[in-house]
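Coordinates as given in run.cif (mmCIF, C-alpha atoms):
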data_my_file
loop_
_atom_site.group_PDB
_atom_site.id
_atom_site.type_symbol
_atom_site.label_atom_id
_atom_site.label_comp_id
_atom_site.auth_asym_id
_atom_site.auth_seq_id
_atom_site.Cartn_x
_atom_site.Cartn_y
_atom_site.Cartn_z
ATOM 1 C CA MET A 1 100.801 136.229 84.807
ATOM 2 C CA VAL A 2 101.932 133.161 82.846
ATOM 3 C CA GLY A 3 105.662 132.629 82.974
ATOM 4 C CA SER A 4 106.339 134.945 85.927
ATOM 5 C CA VAL A 5 108.189 133.743 88.951
ATOM 6 C CA PRO A 6 108.269 135.060 92.526
ATOM 7 C CA GLY A 7 110.532 138.086 92.753
ATOM 8 C CA ASP A 8 110.486 138.692 89.012
ATOM 9 C CA GLU A 9 110.913 142.483 88.671
ATOM 10 C CA ASN A 10 108.997 142.517 85.377
ATOM 11 C CA ALA A 11 105.920 140.714 86.704
ATOM 12 C CA GLY A 12 102.739 142.652 85.975
ATOM 13 C CA MET A 13 104.435 144.915 83.430
ATOM 14 C CA SER A 14 102.888 145.579 80.020
ATOM 15 C CA ASP A 15 104.111 143.667 76.966
ATOM 16 C CA ASP A 16 102.744 146.369 74.660
ATOM 17 C CA PRO A 17 105.618 147.197 72.258
ATOM 18 C CA VAL A 18 104.406 150.782 71.974
ATOM 19 C CA ARG A 19 104.169 151.442 75.701
ATOM 20 C CA GLY A 20 107.315 149.486 76.406
ATOM 21 C CA ALA A 21 107.917 146.403 78.493
ATOM 22 C CA ASP A 22 108.815 148.368 81.628
ATOM 23 C CA VAL A 23 105.736 150.657 81.685
ATOM 24 C CA PRO A 24 102.843 149.537 83.909
ATOM 25 C CA PRO A 25 99.465 149.414 82.182
ATOM 26 C CA GLY A 26 97.230 152.493 82.558
ATOM 27 C CA PRO A 27 93.820 152.471 84.223
ATOM 28 C CA ILE A 28 90.992 150.819 82.340
ATOM 29 C CA GLU A 29 88.419 153.426 81.349
ATOM 30 C CA GLU A 30 84.899 152.462 82.420
ATOM 31 C CA PRO A 31 82.062 153.140 79.965
ATOM 32 C CA ARG A 32 80.270 156.452 80.501
ATOM 33 C CA VAL A 33 76.688 157.526 80.000
ATOM 34 C CA GLY A 34 76.383 159.702 76.895
ATOM 35 C CA LEU A 35 77.062 163.436 77.249
ATOM 36 C CA LEU A 36 73.528 164.457 76.276
ATOM 37 C CA TRP A 37 71.985 162.235 78.951
ATOM 38 C CA ARG A 38 74.388 163.485 81.597
ATOM 39 C CA VAL A 39 73.443 167.082 80.784
ATOM 40 C CA VAL A 40 69.735 166.217 80.912
ATOM 41 C CA VAL A 41 70.093 164.486 84.286
ATOM 42 C CA VAL A 42 71.932 167.429 85.877
ATOM 43 C CA MET A 43 69.527 170.037 84.450
ATOM 44 C CA ALA A 44 66.538 168.011 85.627
ATOM 45 C CA ALA A 45 68.064 167.609 89.092
ATOM 46 C CA ALA A 46 68.634 171.367 89.315
ATOM 47 C CA MET A 47 65.009 172.091 88.409
ATOM 48 C CA VAL A 48 63.755 169.586 90.982
ATOM 49 C CA ILE A 49 65.946 171.085 93.721
ATOM 50 C CA TRP A 50 65.057 174.733 93.066
ATOM 51 C CA TYR A 51 61.438 174.431 91.963
ATOM 52 C CA ALA A 52 60.003 171.278 93.559
ATOM 53 C CA LEU A 53 61.944 170.802 96.791
ATOM 54 C CA LEU A 54 62.682 174.372 97.913
ATOM 55 C CA PRO A 55 59.006 175.221 98.589
ATOM 56 C CA LEU A 56 58.802 172.160 100.830
ATOM 57 C CA VAL A 57 61.877 173.270 102.750
ATOM 58 C CA ARG A 58 60.554 176.821 103.077
ATOM 59 C CA GLU A 59 57.015 175.852 104.067
ATOM 60 C CA PRO A 60 57.548 175.291 107.821
ATOM 61 C CA PHE A 61 59.127 178.735 108.235
ATOM 62 C CA PRO A 62 57.301 182.065 108.302
ATOM 63 C CA GLU A 63 58.373 184.748 105.846
ATOM 64 C CA ASP A 64 60.097 186.861 108.453
ATOM 65 C CA SER A 65 63.163 189.102 108.113
ATOM 66 C CA GLN A 66 65.608 189.145 105.224
ATOM 67 C CA PHE A 67 68.017 187.060 107.315
ATOM 68 C CA GLY A 68 65.373 184.879 108.929
ATOM 69 C CA ALA A 69 65.120 181.128 109.299
ATOM 70 C CA ALA A 70 63.419 180.606 105.934
ATOM 71 C CA ARG A 71 66.309 182.114 103.998
ATOM 72 C CA TRP A 72 68.937 180.219 105.944
ATOM 73 C CA ALA A 73 67.068 176.928 105.602
ATOM 74 C CA THR A 74 66.752 177.264 101.817
ATOM 75 C CA ALA A 75 70.345 178.427 101.387
ATOM 76 C CA VAL A 76 71.796 175.541 103.370
ATOM 77 C CA PHE A 77 69.476 173.074 101.664
ATOM 78 C CA VAL A 78 70.471 174.077 98.120
ATOM 79 C CA THR A 79 74.188 173.599 98.706
ATOM 80 C CA ALA A 80 73.590 170.444 100.765
ATOM 81 C CA ALA A 81 71.526 169.009 97.900
ATOM 82 C CA VAL A 82 73.618 170.084 94.908
ATOM 83 C CA VAL A 83 76.997 168.860 96.136
ATOM 84 C CA PRO A 84 76.043 165.181 96.718
ATOM 85 C CA VAL A 85 73.950 165.093 93.524
ATOM 86 C CA LEU A 86 76.920 166.278 91.466
ATOM 87 C CA TRP A 87 79.232 163.918 93.327
ATOM 88 C CA ALA A 88 76.945 160.976 92.493
ATOM 89 C CA VAL A 89 76.610 162.007 88.838
ATOM 90 C CA ARG A 90 80.349 162.480 88.622
ATOM 91 C CA ARG A 91 80.981 159.081 90.197
ATOM 92 C CA TYR A 92 78.341 156.896 88.562
ATOM 93 C CA LEU A 93 77.578 158.585 85.213
ATOM 94 C CA ASP A 94 80.843 160.368 84.379
ATOM 95 C CA ARG A 95 83.045 157.685 85.962
ATOM 96 C CA ARG A 96 85.512 160.445 86.740
ATOM 97 C CA PRO A 97 87.024 161.955 89.928
ATOM 98 C CA TRP A 98 85.531 165.050 91.556
ATOM 99 C CA ASP A 99 88.709 167.122 91.185
ATOM 100 C CA GLY A 100 88.284 167.046 87.416
ATOM 101 C CA LEU A 101 85.673 169.793 87.838
ATOM 102 C CA ARG A 102 88.491 172.247 88.662
ATOM 103 C CA LEU A 103 87.152 173.188 92.088
ATOM 104 C CA THR A 104 90.254 173.021 94.234
ATOM 105 C CA GLY A 105 90.405 173.222 97.994
ATOM 106 C CA PHE A 106 90.162 176.735 99.350
ATOM 107 C CA ARG A 107 93.879 176.775 100.191
ATOM 108 C CA GLU A 108 94.536 176.732 96.459
ATOM 109 C CA GLY A 109 91.279 178.454 95.544
ATOM 110 C CA TRP A 110 91.416 181.640 97.627
ATOM 111 C CA TRP A 111 93.416 183.526 95.010
ATOM 112 C CA PRO A 112 91.149 182.551 92.075
ATOM 113 C CA PHE A 113 88.178 183.488 94.312
ATOM 114 C CA LEU A 114 89.755 186.887 94.976
ATOM 115 C CA VAL A 115 90.450 187.344 91.260
ATOM 116 C CA GLY A 116 86.770 186.749 90.567
ATOM 117 C CA ALA A 117 85.679 189.128 93.318
ATOM 118 C CA LEU A 118 88.021 191.843 92.038
ATOM 119 C CA SER A 119 86.927 191.227 88.449
ATOM 120 C CA TRP A 120 83.503 192.455 89.492
ATOM 121 C CA GLY A 121 84.592 194.804 92.253
ATOM 122 C CA ILE A 122 87.176 196.940 90.437
ATOM 123 C CA PRO A 123 85.036 198.021 87.456
ATOM 124 C CA GLY A 124 81.775 197.747 89.416
ATOM 125 C CA PHE A 125 82.719 199.952 92.343
ATOM 126 C CA ALA A 126 84.569 202.335 90.036
ATOM 127 C CA GLY A 127 81.321 202.823 88.125
ATOM 128 C CA LEU A 128 79.374 203.162 91.364
ATOM 129 C CA GLY A 129 81.849 205.748 92.663
ATOM 130 C CA ALA A 130 81.573 207.714 89.428
ATOM 131 C CA ALA A 131 77.764 207.689 89.604
ATOM 132 C CA LEU A 132 77.886 208.972 93.187
ATOM 133 C CA ALA A 133 80.544 211.598 92.425
ATOM 134 C CA LEU A 134 78.607 212.923 89.419
ATOM 135 C CA GLY A 135 75.458 213.148 91.464
ATOM 136 C CA TRP A 136 73.497 210.670 89.341
ATOM 137 C CA VAL A 137 72.372 208.782 92.414
ATOM 138 C CA GLU A 138 72.535 208.846 96.174
ATOM 139 C CA LEU A 139 72.796 205.759 98.373
ATOM 140 C CA VAL A 140 71.062 205.991 101.718
ATOM 141 C CA PRO A 141 71.971 203.213 104.179
ATOM 142 C CA ARG A 142 69.042 201.631 105.973
ATOM 143 C CA ALA A 143 71.044 200.909 109.135
ATOM 144 C CA ALA A 144 73.990 202.174 111.156
ATOM 145 C CA VAL A 145 77.461 201.316 109.894
ATOM 146 C CA PRO A 146 78.224 198.442 112.357
ATOM 147 C CA GLU A 147 74.842 196.836 111.708
ATOM 148 C CA LEU A 148 75.217 197.395 107.983
ATOM 149 C CA ALA A 149 78.622 195.677 107.953
ATOM 150 C CA GLY A 150 77.222 192.683 109.802
ATOM 151 C CA HIS A 151 74.307 192.432 107.393
ATOM 152 C CA LEU A 152 76.637 192.533 104.398
ATOM 153 C CA VAL A 153 78.604 189.592 105.816
ATOM 154 C CA LEU A 154 75.393 187.622 106.417
ATOM 155 C CA LEU A 155 74.151 188.451 102.935
ATOM 156 C CA ALA A 156 77.447 187.275 101.418
ATOM 157 C CA VAL A 157 77.131 183.914 103.203
ATOM 158 C CA LEU A 158 73.520 183.512 102.047
ATOM 159 C CA VAL A 159 74.455 184.361 98.463
ATOM 160 C CA LEU A 160 77.351 181.906 98.574
ATOM 161 C CA LEU A 161 75.192 179.024 99.792
ATOM 162 C CA TYR A 162 71.980 179.737 97.891
ATOM 163 C CA GLU A 163 73.284 180.953 94.534
ATOM 164 C CA ALA A 164 77.002 181.326 93.900
ATOM 165 C CA LEU A 165 78.407 177.979 95.045
ATOM 166 C CA PRO A 166 75.652 175.609 93.805
ATOM 167 C CA GLU A 167 75.002 177.439 90.518
ATOM 168 C CA GLU A 168 78.682 177.738 89.642
ATOM 169 C CA LEU A 169 79.286 174.091 90.527
ATOM 170 C CA ILE A 170 76.516 173.065 88.140
ATOM 171 C CA PHE A 171 77.081 175.388 85.188
ATOM 172 C CA ARG A 172 80.722 176.508 85.186
ATOM 173 C CA GLY A 173 81.863 173.398 87.044
ATOM 174 C CA TYR A 174 80.052 170.279 85.906
ATOM 175 C CA LEU A 175 78.376 171.340 82.646
ATOM 176 C CA PHE A 176 81.264 173.403 81.273
ATOM 177 C CA ARG A 177 83.755 170.662 82.139
ATOM 178 C CA ASN A 178 81.755 167.997 80.331
ATOM 179 C CA LEU A 179 80.898 170.171 77.333
ATOM 180 C CA ASN A 180 84.553 171.146 76.968
ATOM 181 C CA THR A 181 85.477 167.506 76.375
ATOM 182 C CA ALA A 182 83.341 167.497 73.208
ATOM 183 C CA MET A 183 83.770 171.051 71.893
ATOM 184 C CA ALA A 184 86.154 173.984 71.945
ATOM 185 C CA ALA A 185 86.192 176.115 75.087
ATOM 186 C CA TRP A 186 84.533 179.127 73.418
ATOM 187 C CA LEU A 187 81.668 176.954 72.212
ATOM 188 C CA ALA A 188 81.337 175.317 75.644
ATOM 189 C CA VAL A 189 80.993 178.833 77.108
ATOM 190 C CA VAL A 190 78.088 179.552 74.761
ATOM 191 C CA ALA A 191 76.444 176.176 75.413
ATOM 192 C CA GLN A 192 76.580 176.409 79.206
ATOM 193 C CA ALA A 193 75.315 180.024 79.030
ATOM 194 C CA ALA A 194 72.324 178.813 76.985
ATOM 195 C CA LEU A 195 71.632 176.132 79.623
ATOM 196 C CA PHE A 196 71.990 178.725 82.382
ATOM 197 C CA ALA A 197 69.496 180.981 80.566
ATOM 198 C CA LEU A 198 67.094 178.066 80.171
ATOM 199 C CA PHE A 199 67.351 177.226 83.860
ATOM 200 C CA GLY A 200 67.000 180.786 85.176
ATOM 201 C CA ALA A 201 64.270 181.879 82.764
ATOM 202 C CA THR A 202 62.245 178.731 83.425
ATOM 203 C CA LEU A 203 62.275 179.331 87.176
ATOM 204 C CA TRP A 204 61.146 182.926 86.682
ATOM 205 C CA VAL A 205 58.390 181.972 84.243
ATOM 206 C CA LEU A 206 57.084 179.283 86.581
ATOM 207 C CA SER A 207 57.013 181.693 89.511
ATOM 208 C CA THR A 208 55.905 184.977 87.880
ATOM 209 C CA GLY A 209 54.555 184.299 84.384
ATOM 210 C CA TRP A 210 55.543 184.431 80.714
ATOM 211 C CA GLU A 211 55.929 188.211 80.567
ATOM 212 C CA VAL A 212 59.436 187.986 82.052
ATOM 213 C CA LEU A 213 60.715 185.400 79.565
ATOM 214 C CA GLY A 214 62.538 187.645 77.083
ATOM 215 C CA GLU A 215 64.151 189.828 79.726
ATOM 216 C CA ARG A 216 65.337 186.887 81.814
ATOM 217 C CA VAL A 217 66.694 184.891 78.892
ATOM 218 C CA VAL A 218 68.866 187.846 77.834
ATOM 219 C CA LEU A 219 69.956 188.536 81.412
ATOM 220 C CA PHE A 220 70.919 184.983 82.337
ATOM 221 C CA PHE A 221 72.566 184.289 78.964
ATOM 222 C CA SER A 222 74.707 187.432 79.251
ATOM 223 C CA ILE A 223 75.750 186.606 82.806
ATOM 224 C CA GLY A 224 76.514 183.024 81.757
ATOM 225 C CA ILE A 225 78.755 184.211 78.925
ATOM 226 C CA VAL A 226 80.803 186.533 81.146
ATOM 227 C CA ILE A 227 81.257 184.050 84.002
ATOM 228 C CA GLY A 228 81.961 181.262 81.502
ATOM 229 C CA CYS A 229 84.753 183.387 80.045
ATOM 230 C CA LEU A 230 86.201 183.767 83.543
ATOM 231 C CA ARG A 231 86.186 179.968 83.804
ATOM 232 C CA VAL A 232 88.240 179.668 80.620
ATOM 233 C CA VAL A 233 90.647 182.464 81.537
ATOM 234 C CA THR A 234 91.543 181.229 85.022
ATOM 235 C CA GLY A 235 90.720 177.522 84.721
ATOM 236 C CA ASN A 236 89.174 177.544 88.203
ATOM 237 C CA VAL A 237 85.543 177.527 89.355
ATOM 238 C CA TRP A 238 86.439 179.604 92.438
ATOM 239 C CA THR A 239 86.911 182.625 90.154
ATOM 240 C CA CYS A 240 83.326 182.256 88.966
ATOM 241 C CA ILE A 241 82.113 181.923 92.553
ATOM 242 C CA GLY A 242 83.959 185.077 93.638
ATOM 243 C CA PHE A 243 82.486 187.119 90.773
ATOM 244 C CA HIS A 244 79.004 185.744 91.455
ATOM 245 C CA VAL A 245 79.151 186.537 95.186
ATOM 246 C CA VAL A 246 80.164 190.189 94.768
ATOM 247 C CA PHE A 247 77.686 190.725 91.931
ATOM 248 C CA GLN A 248 74.711 189.285 93.827
ATOM 249 C CA VAL A 249 75.560 190.913 97.159
ATOM 250 C CA THR A 250 75.722 194.317 95.462
ATOM 251 C CA ALA A 251 72.543 193.712 93.468
ATOM 252 C CA GLN A 252 70.547 192.537 96.479
ATOM 253 C CA ALA A 253 71.927 195.116 98.900
ATOM 254 C CA VAL A 254 71.443 198.075 96.564
ATOM 255 C CA LEU A 255 69.111 197.329 93.671
ATOM 256 C CA GLY A 256 66.993 195.046 95.822
ATOM 257 C CA GLY A 257 66.758 197.752 98.469
ATOM 258 C CA GLN A 258 67.655 195.372 101.279
ATOM 259 C CA LEU A 259 70.431 197.447 102.831
ATOM 260 C CA PHE A 260 70.504 200.691 100.831
ATOM 261 C CA GLN A 261 67.940 202.974 99.272
ATOM 262 C CA VAL A 262 68.774 204.371 95.842
ATOM 263 C CA ARG A 263 67.729 207.958 95.176
ATOM 264 C CA GLY A 264 68.069 209.619 91.820
ATOM 265 C CA ASP A 265 68.397 208.136 88.348
ATOM 266 C CA GLU A 266 68.181 204.401 88.973
ATOM 267 C CA GLY A 267 68.637 203.690 85.253
ATOM 268 C CA GLY A 268 71.939 205.569 85.273
ATOM 269 C CA PHE A 269 72.941 203.652 88.378
ATOM 270 C CA VAL A 270 72.265 200.313 86.682
ATOM 271 C CA LEU A 271 74.283 201.498 83.669
ATOM 272 C CA ALA A 272 77.193 202.397 85.958
ATOM 273 C CA LEU A 273 77.177 198.833 87.283
ATOM 274 C CA ALA A 274 77.466 197.364 83.776
ATOM 275 C CA GLY A 275 81.240 197.812 83.913
ATOM 276 C CA PRO A 276 82.026 194.343 85.320
ATOM 277 C CA PHE A 277 80.236 192.675 82.411
ATOM 278 C CA VAL A 278 82.307 194.694 79.942
ATOM 279 C CA PHE A 279 85.692 194.810 81.661
ATOM 280 C CA GLY A 280 85.542 191.948 84.184
ATOM 281 C CA VAL A 281 87.214 189.370 81.943
ATOM 282 C CA LEU A 282 90.026 191.827 81.129
ATOM 283 C CA VAL A 283 90.600 192.416 84.848
ATOM 284 C CA ALA A 284 90.785 188.639 85.394
ATOM 285 C CA ILE A 285 93.334 188.283 82.586
ATOM 286 C CA LEU A 286 95.513 191.018 84.099
ATOM 287 C CA LEU A 287 95.304 189.602 87.628
ATOM 288 C CA SER A 288 95.767 185.937 86.734
ATOM 289 C CA ARG A 289 98.301 186.629 83.958
ATOM 290 C CA ARG A 290 96.699 184.108 81.630
ATOM 291 C CA ASP A 291 94.061 184.271 78.951
ATOM 292 C CA GLY A 292 93.056 180.621 78.543
ATOM 293 C CA ASN A 293 92.952 178.400 75.483
ATOM 294 C CA TRP A 294 89.709 179.184 73.683
ATOM 295 C CA ARG A 295 90.024 176.532 70.960
ATOM 296 C CA GLU A 296 91.062 173.635 73.164
ATOM 297 C CA ARG A 297 88.993 170.551 73.895
ATOM 298 C CA VAL A 298 90.109 169.227 77.276
ATOM 299 C CA PRO A 299 89.894 165.451 77.803
ATOM 300 C CA ASP A 300 88.357 164.346 81.084
ATOM 301 C CA SER A 301 90.893 161.748 82.082
ATOM 302 C CA VAL A 302 90.383 158.922 84.541
#
Written as structure tokens, that's how I'd like the structure from this file.
Amino acid sequence: MVGSVPGDENAGMSDDPVRGADVPPGPIEEPRVGLLWRVVVVMAAAMVIWYALLPLVREPFPEDSQFGAARWATAVFVTAAVVPVLWAVRRYLDRRPWDGLRLTGFREGWWPFLVGALSWGIPGFAGLGAALALGWVELVPRAAVPELAGHLVLLAVLVLLYEALPEELIFRGYLFRNLNTAMAAWLAVVAQAALFALFGATLWVLSTGWEVLGERVVLFFSIGIVIGCLRVVTGNVWTCIGFHVVFQVTAQAVLGGQLFQVRGDEGGFVLALAGPFVFGVLVAILLSRRDGNWRERVPDSV
């Protein structure tokens, strides 16, 4: 710096009259790739991982048991692929730090995770208990209690790795965070839910045909709205992951028939499990004691 001398306490300080002579200059913001292109890159990467690469990972393994090698290989692969892809996009396209996605370490994230799990569990299991008590349905376990408990733990880990963690990192982590810099939080919720519906419905159409399009668009959009609201309310992606884990474990264990057989009115049973999508956000507000700022656009600072 011209005019500075060794030991000068003001050397390197800003001469900006607004910032003040004694305030060090802030970090220089590197240029970013446009928001639209960043969204396109992440959506395309997700489609490549789930649709193009997963069959290659699954191919060497036989379709054996529900907890066989094929399922574990695909689950581990999805998380192992999504995390570095998002890190690279965050680093080289966003030019922003990873912690801006609001995924804290688990020491800070265990409570938001539990809030998410309870946001599904409290209304969901209350509805399930009511359906059982009223005799609408009967649940018949497919294994003894110790084996059933072990299978539920394994299923929870598979759901976490294959669906909850990577999907929430992409949609309620990366995409919501970036959209929320350009639009209000409520609008970012709608936008990421539309992208989630596009992603989920496309995978189903490619694998099973066009007849599932309408049903899957509505399903994925609705789920995206509810979990996106949880993201706004708690400000933490772990809440979304917790909700997603409990929802998918219950759906696969019961509705998928993996661990329980449903007898009786299955339609009434599904209706009983709609509670989390009606009351889940309210439960999260009560547990976290915050309701979020729905009109705020949140800058993504360096």
Pick out the residues sitting within 12 Å of Ala185 of chain A, and hand them over as a ChimeraX atom specification; count all atoms listed in the file, and ignore anything fewer than 2 positions along from it in its own chain.
/A:172,175-183,187-192,225,228-233,235,291-299
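Restricting the calculation to all atoms listed in the file, the smallest distance between Ser119 of chain A and any of A:Gly209, A:Gly242, A:Gly34, A:Gly150 is found for A:Gly242.
Under the PyMOL selection byres ((chain A and resi 138-145) around 9), the matching residues in the shown file are Ala131, Leu132, Gly135, Trp136, Val137, Pro146, Glu147, Leu148, Ala149, Gly150, Val254, Gly257, Gln258, Leu259, Phe260, Gln261, Val262, Arg263, Gly264 and Asp265 of chain A.
Distances to Ala272 of chain A were evaluated for A:Phe247, A:Gly124, A:Leu54, A:Gly109 using only C-alpha atoms, and the minimum falls at A:Gly124.
Residues matching the PyMOL selection byres ((chain A and resi 104) around 12) in this structure come to Trp98, Asp99, Gly100, Leu101, Arg102, Leu103, Gly105, Phe106, Arg107, Glu108, Gly109, Trp110, Trp111, Pro112, Phe113, Leu169, Gly173, Gly235, Asn236, Val237, Trp238 and Thr239 of chain A.
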Given only C-alpha atoms as the basis, pick out the residue of A:Val246, A:Ala193, A:Val39, A:Val115 nearest to Ile223 of chain A.
A:Ala193
